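These notes are about the structure you will find just below.
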Amino acid sequence: LVDAPGWVHDFNRVYTDMFKFYYKILIEEGGKPDGIWVYEDLGYKHRLFASPKVLGELIFPYYAELVAFFHSYDLPVVLHTCGFTEPALDLVVAAGFDAVNPMEHKAGNDPLRIAEKYADKLAFVGGLDARILESHDRPLIRREITNLVEGMKARGARYVFGSDHSISTNVDYEDFKYALEVYREH
């Protein structure tokens, strides 16, 4: 990113143009979907892959263009990004994304802190620490889901319940069903 910014711009230009070209065909000939998810990983555990300045110069202008393209079809756009992403959320908002997923706990994100700052700008999908579901500890599961859902509601956040990462095979099916029951109570 730093040593060859021209190459990064060229790469992003080619892919942005390609996505717009083929999504135009898909939408206009195949039908308009309910929304679009853009998949990206912006961070490691506790830090971004690049500084917000570098991301803002080399990556997000292309996201903004792609989001504007999808918005021209009146489609909401969700950014899926794993890793620690909080320092890039101003860029996410400026690019026009409508929602963010998953707000990964173990990477350092705090969904309630994020909602406190961005509830009026973004919707949120996920955010429940998936490790809680692996604990087999029903009181812990209840407490964490209740805190998350009620915390999102208290902040006026538009929220879709889900985990902050893939559900592993260490999650017991009955515990997962229990988690959904607790969510539905709230």
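Residue numbering restarts at 1 for every chain of the structure tokens, chains are lettered A, B, ... in their displayed order, and ligands are numbered from 1 as they appear.
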- Query: Can you tell me, as a ChimeraX atom specification, what residues are no more than 12 Å from Leu140 in chain A when counting only C-alpha atoms, ignoring any on the same chain fewer than 3 positions away?
  - Reply: /A:128-129,131-137,143-147,175,178-179,182
Surrounding residues of Pro111 in chain A excluding itself and chain neighbours under 3 positions, 9 Å, only C-alpha atoms, as a list in words: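 Counting only C-alpha atoms, the residues come to Pro102, Met103, Glu104, His105, Ile114, Ala115, Glu116, Phe124, Gly126, Gly127, Leu128, Leu148 and Met152 of chain A.
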Can I get the residues of range 87-181 of chain A within 7 Å of range 33-53 of chain A, each with the closest pair of atoms and their distance in Å to one decimal, using only C-alpha atoms, sorted chain first then ascending number, as CSV?
```
residue,atom,partner,partner_atom,distance
A:Pro87,CA,A:Pro52,CA,6.8
A:Ala88,CA,A:Pro52,CA,5.8
A:Ala107,CA,A:Lys45,CA,4.0
A:Gly108,CA,A:His46,CA,5.1
```
Closest of A:Glu181, A:Glu65, A:Glu29, A:Asp98 to Leu79 in chain A - atom-to-atom distances counting only C-alpha atoms:
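Closest to Leu79 in chain A of all the choices is A:Asp98.
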Would you write out, as a tab-separated table, a table of all residues in range 44-75 of chain A that have an atom no more than 7 Å from an atom of range 7-20 of chain A, listing for each the closest atom pair and the distance in Å to one decimal, considering only C-alpha atoms and ordering rows by chain and rising residue number?
```
residue	atom	partner	partner_atom	distance
A:Leu58	CA	A:His9	CA	6.3
A:Tyr62	CA	A:Thr16	CA	6.5
A:Leu66	CA	A:Thr16	CA	6.6
```
